[in-house]
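Next comes upload-v4.txt, a file with compact mmCIF, C-alpha atoms.
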```
# COMPACT_ATOMS: atom_id res chain seq x y z
CA MET N 1358 -13.84 -87.39 44.08
CA ASN N 1359 -15.89 -87.71 40.94
CA SER N 1360 -13.90 -86.28 38.08
CA ASP N 1361 -16.68 -86.64 35.53
CA LEU N 1362 -18.58 -83.58 36.54
CA ASP N 1363 -20.87 -82.22 33.91
CA THR N 1364 -22.06 -78.64 33.67
CA GLU N 1365 -25.27 -79.33 35.53
CA SER N 1366 -23.44 -80.92 38.46
CA ILE N 1367 -21.07 -77.93 38.65
CA ARG N 1368 -24.02 -75.54 38.68
CA LYS N 1369 -25.68 -77.50 41.50
CA LEU N 1370 -22.47 -77.61 43.47
CA LEU N 1371 -22.01 -73.87 43.08
CA ASP N 1372 -25.61 -73.19 44.12
CA ARG N 1373 -25.16 -75.35 47.17
CA SER N 1374 -21.91 -73.55 47.99
CA LEU N 1375 -23.67 -70.23 47.53
CA SER N 1376 -26.25 -71.13 50.15
CA ARG N 1377 -23.44 -71.81 52.55
CA LEU N 1378 -21.71 -68.45 52.05
CA GLY N 1379 -21.44 -66.18 55.07
CA PRO N 1380 -23.04 -62.70 55.23
CA THR N 1381 -19.62 -61.00 54.99
CA THR N 1382 -18.78 -62.84 51.79
CA LEU N 1383 -22.24 -62.10 50.37
CA SER N 1384 -21.85 -58.47 51.23
CA ARG N 1385 -18.43 -58.27 49.52
CA LEU N 1386 -19.80 -60.08 46.50
CA SER N 1387 -22.71 -57.65 46.36
CA ASP N 1388 -20.26 -54.72 46.57
CA ALA N 1389 -18.17 -56.23 43.84
CA ARG N 1390 -21.27 -56.66 41.69
CA GLN N 1391 -22.34 -53.07 42.25
CA TYR N 1392 -18.83 -51.93 41.43
CA ALA N 1393 -18.80 -54.01 38.24
CA LEU N 1394 -22.21 -52.64 37.25
CA ALA N 1395 -21.04 -49.13 37.93
CA LEU N 1396 -17.99 -49.68 35.75
CA ARG N 1397 -20.18 -51.05 32.98
CA THR N 1398 -22.51 -48.08 33.15
CA GLU N 1399 -19.55 -45.74 32.84
CA SER N 1400 -18.10 -47.67 29.94
CA VAL N 1401 -21.47 -47.53 28.18
CA ARG N 1402 -21.84 -43.81 28.82
CA ALA N 1403 -18.24 -43.00 27.89
CA PRO N 1404 -18.61 -43.42 24.13
CA ALA N 1405 -21.60 -41.10 24.15
CA LEU N 1406 -19.63 -38.56 26.14
CA ALA N 1407 -16.64 -39.06 23.93
CA GLY N 1408 -18.87 -38.51 20.92
CA SER N 1409 -20.30 -35.33 22.31
CA TYR N 1410 -16.82 -34.17 23.25
CA THR N 1411 -15.58 -34.83 19.72
CA HIS N 1412 -18.51 -32.92 18.31
CA ALA N 1413 -17.82 -29.99 20.63
CA ALA N 1414 -14.15 -30.05 19.72
CA HIS N 1415 -15.04 -30.15 16.06
CA THR N 1416 -17.39 -27.20 16.46
CA HIS N 1417 -14.71 -25.34 18.39
CA HIS N 1418 -12.20 -26.11 15.67
CA ARG N 1419 -14.55 -24.83 12.99
CA ILE N 1420 -15.16 -21.63 14.94
CA GLN N 1421 -11.40 -21.20 15.18
CA GLN N 1422 -11.07 -21.78 11.45
CA TRP N 1423 -13.76 -19.23 10.64
CA GLY N 1424 -12.21 -16.80 13.08
CA LEU N 1425 -8.88 -17.20 11.34
CA ILE N 1426 -10.46 -16.75 7.92
CA LEU N 1427 -12.28 -13.64 9.16
CA LEU N 1428 -9.06 -12.27 10.61
CA LEU N 1429 -7.22 -12.87 7.35
CA LEU N 1430 -10.08 -11.29 5.42
CA LEU N 1431 -9.97 -8.23 7.66
CA LEU N 1432 -6.21 -8.00 7.22
CA VAL N 1433 -6.53 -8.26 3.45
CA LEU N 1434 -9.32 -5.67 3.36
CA GLY N 1435 -7.35 -3.42 5.68
CA GLY N 1436 -4.32 -3.76 3.44
CA ILE N 1437 -6.35 -3.03 0.33
CA SER N 1438 -7.96 0.02 1.88
CA TYR N 1439 -4.56 1.20 3.15
CA TRP N 1440 -2.85 0.81 -0.20
CA SER N 1441 -5.76 2.20 -2.17
CA GLN N 1442 -5.88 5.35 -0.07
CA PRO N 1443 -5.14 8.39 -2.14
CA THR N 1444 -1.48 9.20 -1.58
CA GLY N 1445 -1.82 12.75 -2.82
CA PRO N 1446 -1.07 14.13 -6.24
CA SER N 1447 2.11 13.09 -8.02
CA ASP N 1448 4.92 15.58 -8.63
CA ASP N 1449 3.97 16.16 -12.25
CA GLU N 1450 0.35 16.83 -11.24
CA VAL N 1451 1.52 19.48 -8.79
CA ASP N 1452 3.99 20.85 -11.32
CA ILE N 1453 1.35 21.31 -13.99
CA ALA N 1454 -0.95 22.88 -11.41
CA ILE N 1455 1.75 25.38 -10.44
CA LEU N 1456 2.61 26.13 -14.05
CA THR N 1457 -1.01 26.78 -14.99
CA ASP N 1458 -2.20 28.37 -11.76
CA ASP N 1459 -3.53 31.92 -11.85
CA LEU N 1460 -0.81 32.88 -9.39
CA PRO N 1461 2.72 33.32 -10.74
CA VAL N 1462 5.36 30.66 -10.13
CA GLU N 1463 7.37 33.18 -8.09
CA MET N 1464 4.70 32.84 -5.42
CA TYR N 1465 5.88 29.31 -4.77
CA ALA N 1466 9.45 29.26 -6.04
CA ASP N 1467 11.85 31.64 -4.35
CA MET P 170 45.63 -10.98 -9.17
CA SER P 171 43.13 -13.36 -7.70
CA ASP P 172 40.18 -14.63 -9.70
CA LYS P 173 37.81 -12.95 -7.23
CA LEU P 174 39.45 -9.56 -7.71
CA ARG P 175 39.52 -9.98 -11.47
CA HIS P 176 35.86 -10.86 -11.41
CA ARG P 177 35.05 -7.75 -9.38
CA LEU P 178 37.03 -5.52 -11.71
CA ALA P 179 35.25 -6.99 -14.70
CA SER P 180 31.88 -6.35 -13.01
CA ALA P 181 32.86 -2.77 -12.21
CA ALA P 182 33.96 -2.21 -15.80
CA LEU P 183 30.67 -3.62 -17.04
CA ILE P 184 28.68 -1.36 -14.72
CA ALA P 185 30.82 1.63 -15.76
CA CYS P 186 30.04 0.84 -19.37
CA LEU P 187 26.33 0.56 -18.67
CA ILE P 188 25.93 3.72 -16.58
CA PRO P 189 26.88 6.21 -19.32
CA ASP P 190 24.41 4.42 -21.58
CA ALA P 191 21.69 4.87 -19.00
CA GLN P 192 22.56 8.53 -18.53
CA ALA P 193 22.71 9.03 -22.25
CA ALA P 194 19.14 7.79 -22.64
CA LEU P 195 18.03 11.26 -23.63
CA THR P 196 15.07 11.81 -25.86
CA ALA P 197 16.05 13.92 -28.83
CA TRP P 198 13.74 16.82 -29.65
CA ASN P 199 12.94 15.39 -33.07
CA LYS P 200 11.92 12.10 -31.42
CA LEU P 201 9.15 13.75 -29.44
CA SER P 202 5.55 13.50 -30.56
CA PRO P 203 3.93 16.59 -32.12
CA LEU P 204 1.88 17.10 -28.96
CA GLN P 205 4.99 16.88 -26.76
CA ARG P 206 6.80 19.32 -29.01
CA GLU P 207 3.87 21.71 -28.83
CA ALA P 208 3.69 21.44 -25.05
CA LEU P 209 7.42 21.93 -24.61
CA ALA P 210 7.90 24.45 -27.41
CA PRO P 211 9.64 27.06 -25.18
CA LEU P 212 12.35 24.48 -24.46
CA SER P 213 12.95 23.46 -28.06
CA SER P 214 16.27 25.27 -28.46
CA GLN P 215 17.82 23.75 -25.37
CA TRP P 216 15.97 20.46 -25.10
CA ASP P 217 18.80 18.29 -26.34
CA LYS P 218 21.15 19.80 -23.74
CA LEU P 219 18.85 19.21 -20.79
CA PRO P 220 19.91 16.42 -18.44
CA GLU P 221 17.82 13.26 -18.65
CA PRO P 222 16.06 13.72 -15.27
CA TYR P 223 14.95 17.20 -16.35
CA GLN P 224 13.74 15.86 -19.67
CA ALA P 225 11.84 13.11 -17.86
CA ASP P 226 10.16 15.65 -15.58
CA MET P 227 9.21 17.85 -18.50
CA LEU P 228 7.89 14.92 -20.50
CA LYS P 229 5.63 13.98 -17.61
CA LEU P 230 4.09 17.43 -17.82
CA THR P 231 3.08 16.80 -21.41
CA ASN P 232 0.76 14.04 -20.22
CA HIS P 233 -1.50 16.78 -18.86
CA TYR P 234 -1.22 19.11 -21.83
CA GLU P 235 -4.24 17.89 -23.73
CA ARG P 236 -6.72 18.74 -20.99
CA LEU P 237 -5.43 22.27 -20.48
CA THR P 238 -7.47 25.26 -21.57
CA PRO P 239 -5.88 27.69 -24.07
CA GLU P 240 -5.26 30.11 -21.21
CA GLN P 241 -3.54 27.42 -19.14
CA ARG P 242 -1.43 26.39 -22.14
CA ASN P 243 -0.38 29.99 -22.53
CA ARG P 244 0.61 30.19 -18.86
CA LEU P 245 2.53 26.94 -19.16
CA HIS P 246 4.47 28.24 -22.14
CA THR P 247 5.24 31.51 -20.37
CA ARG P 248 6.52 29.76 -17.25
CA LEU P 249 8.10 26.60 -18.58
CA LEU P 250 11.52 28.02 -19.32
CA ASP P 251 11.92 29.51 -15.85
CA TRP P 252 10.58 26.32 -14.32
CA SER P 253 13.10 24.20 -16.19
CA ARG P 254 15.90 26.35 -14.77
CA LEU P 255 14.94 25.66 -11.17
CA THR P 256 16.96 23.11 -9.27
CA PRO P 257 15.19 19.94 -8.09
CA GLN P 258 15.31 21.33 -4.55
CA GLN P 259 13.66 24.58 -5.62
CA ARG P 260 10.96 22.66 -7.44
CA ALA P 261 10.37 20.44 -4.43
CA GLN P 262 10.06 23.56 -2.28
CA ALA P 263 7.61 25.10 -4.74
CA ARG P 264 5.51 21.91 -4.65
CA GLU P 265 5.46 22.01 -0.87
CA LYS P 266 4.36 25.64 -0.84
CA TYR P 267 1.71 25.04 -3.48
CA THR P 268 0.34 22.02 -1.63
CA ALA P 269 0.29 23.96 1.64
CA PHE P 270 -1.47 26.86 -0.08
CA GLN P 271 -4.15 24.52 -1.38
CA LYS P 272 -4.97 23.64 2.23
CA VAL P 273 -5.70 27.25 3.09
CA PRO P 274 -9.47 27.94 3.24
CA PRO P 275 -10.78 29.00 -0.22
CA GLU P 276 -11.86 32.48 0.91
CA LYS P 277 -8.40 33.24 2.32
CA ARG P 278 -6.78 31.77 -0.77
CA GLU P 279 -8.92 34.03 -2.92
CA MET P 280 -7.93 37.00 -0.78
CA VAL P 281 -4.23 36.25 -1.29
CA LYS P 282 -4.77 35.82 -5.02
CA ASN P 283 -6.51 39.18 -5.23
CA MET P 284 -3.71 40.84 -3.28
CA VAL P 285 -1.08 39.35 -5.59
CA LYS P 286 -3.05 40.44 -8.65
CA GLU P 287 -3.34 43.97 -7.28
CA GLN P 288 0.39 44.10 -6.59
CA GLN P 289 1.11 42.84 -10.08
CA ALA P 290 -1.22 45.43 -11.60
CA ALA P 291 0.45 48.17 -9.56
CA ARG P 292 3.89 46.95 -10.63
CA ASN P 293 2.82 46.88 -14.27
CA ALA P 294 1.34 50.38 -13.99
CA ALA P 295 4.59 51.66 -12.44
CA THR P 296 6.60 50.02 -15.24
CA ASP P 297 4.33 51.58 -17.84
CA SER P 298 4.56 55.07 -16.36
CA SER P 299 8.35 54.93 -16.03
CA ALA P 300 8.82 53.62 -19.56
CA PRO P 301 10.35 56.28 -21.86
CA SER P 302 8.24 55.31 -24.85
CA PRO P 303 4.65 54.10 -24.92
CA ALA P 304 5.59 50.45 -25.37
CA PRO P 305 3.01 47.77 -24.46
CA ALA P 306 3.35 46.11 -21.07
CA THR P 307 5.50 43.00 -21.28
CA LYS P 308 3.71 41.06 -18.50
```
As structure tokens:
Amino acid sequence: MNSDLDTESIRKLLDRSLSRLGPTTLSRLSDARQYALALRTESVRAPALAGSYTHAAHTHHRIQQWGLILLLLLLVLGGISYWSQPTGPSDDEVDIAILTDDLPVEMYAD
Amino acid sequence: MSDKLRHRLASAALIACLIPDAQAALTAWNKLSPLQREALAPLSSQWDKLPEPYQADMLKLTNHYERLTPEQRNRLHTRLLDWSRLTPQQRAQAREKYTAFQKVPPEKREMVKNMVKEQQAARNAATDSSAPSPAPATK
């Protein structure tokens, strides 16, 4: 056996071997090729999908953030409006009103 | 005596010393402003004997004195002494009644006021007619 095979000789040998391959082997090779191509297509598409997924997740995250900010804002505004609601006159305001009212104090104090 | 107990007793003694000071934080009549003295004039003779919470309540009233009309000031002076004699519970009750009365529709409120005024006038007339000498009506 000639051990000094160069690249060209190997190529020729492989081509010759290829022509001798049976239909079953060719069919399996073809399947394997299709499978490999399919895998490649998926791997090429995956980054794009991953990118779009990341973008969607980012958008979702931002919506969540804005929702949280809005909720906090509503809580703060609600709190402000609750605490700023008039709580009625103070005791001294009522006292002075009673003491200066045109009705006598006896009307209110038994 | 343990250190813990000694510490507690010392704290209690300190608090006991501080409480009378807090209660004694009365405002002397001569320390009041001229406006406060004018507003609380009917209480001048007994001001220094009034408990601090009473004084505080009365002093709060003086914050409103400036905006009162002469008639309202007169009413205040007429009623202040009696008001200062009421217990805190009686005053709270009076506030409740007054606040409730303010919620009555104005026309009904006016009706009640007129009725009270008529009763007062009738009472004054009866007092005048039963008086032995023609002295002026007191109120």
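Minimum atom-to-atom distances from P:Glu287, P:Asp226, P:Asp297, P:Glu221 to chain N were compared using all atoms listed in the file, and the lowest value belongs to P:Asp226.
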Compile the contact shell of Tyr223 of chain P as a list in words: residues with an atom at most 8 Å away, counting all atoms listed in the file, same-chain residues fewer than 4 positions apart removed.
-> Leu219, Met227 and Ser253 of chain P
Taking only residues of chain P that have an atom at most 9 Å from an atom of chain N, what is each one's shortest atom pair and its distance in Å to one decimal, using all atoms listed in the file, in chain and number order, as JSON lines?
```
{"residue": "P:Asp226", "atom": "CA", "partner": "N:Asp1449", "partner_atom": "CA", "distance": 7.0}
{"residue": "P:Met227", "atom": "CA", "partner": "N:Asp1449", "partner_atom": "CA", "distance": 8.3}
{"residue": "P:Lys229", "atom": "CA", "partner": "N:Asp1449", "partner_atom": "CA", "distance": 6.0}
{"residue": "P:Leu230", "atom": "CA", "partner": "N:Asp1449", "partner_atom": "CA", "distance": 5.7}
{"residue": "P:Thr231", "atom": "CA", "partner": "N:Ile1453", "partner_atom": "CA", "distance": 8.9}
{"residue": "P:Asn232", "atom": "CA", "partner": "N:Asp1449", "partner_atom": "CA", "distance": 8.8}
{"residue": "P:His233", "atom": "CA", "partner": "N:Ile1453", "partner_atom": "CA", "distance": 7.2}
{"residue": "P:Tyr234", "atom": "CA", "partner": "N:Ile1453", "partner_atom": "CA", "distance": 8.5}
{"residue": "P:Leu237", "atom": "CA", "partner": "N:Thr1457", "partner_atom": "CA", "distance": 8.4}
{"residue": "P:Glu240", "atom": "CA", "partner": "N:Thr1457", "partner_atom": "CA", "distance": 8.2}
{"residue": "P:Gln241", "atom": "CA", "partner": "N:Thr1457", "partner_atom": "CA", "distance": 4.9}
{"residue": "P:Arg242", "atom": "CA", "partner": "N:Thr1457", "partner_atom": "CA", "distance": 7.2}
{"residue": "P:Asn243", "atom": "CA", "partner": "N:Thr1457", "partner_atom": "CA", "distance": 8.2}
{"residue": "P:Arg244", "atom": "CA", "partner": "N:Thr1457", "partner_atom": "CA", "distance": 5.4}
{"residue": "P:Leu245", "atom": "CA", "partner": "N:Leu1456", "partner_atom": "CA", "distance": 5.2}
{"residue": "P:His246", "atom": "CA", "partner": "N:Leu1456", "partner_atom": "CA", "distance": 8.6}
{"residue": "P:Thr247", "atom": "CA", "partner": "N:Leu1456", "partner_atom": "CA", "distance": 8.7}
{"residue": "P:Arg248", "atom": "CA", "partner": "N:Leu1456", "partner_atom": "CA", "distance": 6.2}
{"residue": "P:Leu249", "atom": "CA", "partner": "N:Leu1456", "partner_atom": "CA", "distance": 7.1}
{"residue": "P:Asp251", "atom": "CA", "partner": "N:Val1462", "partner_atom": "CA", "distance": 8.8}
{"residue": "P:Trp252", "atom": "CA", "partner": "N:Leu1456", "partner_atom": "CA", "distance": 8.0}
{"residue": "P:Leu255", "atom": "CA", "partner": "N:Ala1466", "partner_atom": "CA", "distance": 8.3}
{"residue": "P:Gln259", "atom": "CA", "partner": "N:Ala1466", "partner_atom": "CA", "distance": 6.3}
{"residue": "P:Arg260", "atom": "CA", "partner": "N:Ala1466", "partner_atom": "CA", "distance": 6.9}
{"residue": "P:Ala261", "atom": "CA", "partner": "N:Asp1448", "partner_atom": "CA", "distance": 8.4}
{"residue": "P:Gln262", "atom": "CA", "partner": "N:Ala1466", "partner_atom": "CA", "distance": 6.9}
{"residue": "P:Ala263", "atom": "CA", "partner": "N:Tyr1465", "partner_atom": "CA", "distance": 4.6}
{"residue": "P:Arg264", "atom": "CA", "partner": "N:Val1451", "partner_atom": "CA", "distance": 6.2}
{"residue": "P:Glu265", "atom": "CA", "partner": "N:Tyr1465", "partner_atom": "CA", "distance": 8.3}
{"residue": "P:Lys266", "atom": "CA", "partner": "N:Tyr1465", "partner_atom": "CA", "distance": 5.6}
{"residue": "P:Tyr267", "atom": "CA", "partner": "N:Tyr1465", "partner_atom": "CA", "distance": 6.1}
{"residue": "P:Thr268", "atom": "CA", "partner": "N:Val1451", "partner_atom": "CA", "distance": 7.7}
{"residue": "P:Lys282", "atom": "CA", "partner": "N:Leu1460", "partner_atom": "CA", "distance": 6.6}
{"residue": "P:Val285", "atom": "CA", "partner": "N:Leu1460", "partner_atom": "CA", "distance": 7.5}
{"residue": "P:Lys286", "atom": "CA", "partner": "N:Leu1460", "partner_atom": "CA", "distance": 7.9}
```
Between atom CA of Leu201 of chain P and atom CA of Thr238 of chain P, distance in Å (one decimal) | 21.7 Å
Distance of atom CA of Ser1384 of chain N from atom CA of Ser1400 of chain N, expressed in Å to one decimal place =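 About the pair atom CA of Ser1400 of chain N and atom CA of Ser1384 of chain N: they are 24.2 Å apart.
Atom CA of Pro222 of chain P is found 18.6 Å from atom CA of Ser202 of chain P.
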Of the listed residues P:Val273, P:Ala197, P:Ala290, P:Met284, that which approaches Lys218 of chain P most closely, counting all atoms listed in the file |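 Under the stated criterion, the closest residue is P:Ala197.
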Between P:Gln205, P:Asn293, P:Gln288, P:Ser213, which has the minimum distance to Glu235 of chain P (counting only C-alpha atoms)?
-> P:Gln205
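Residue nearest Leu250 of chain P within the list P:Ser298, P:Asn199, P:Gln271, P:Ser214: P:Ser214 [criterion: smallest interatomic distance, only C-alpha atoms].
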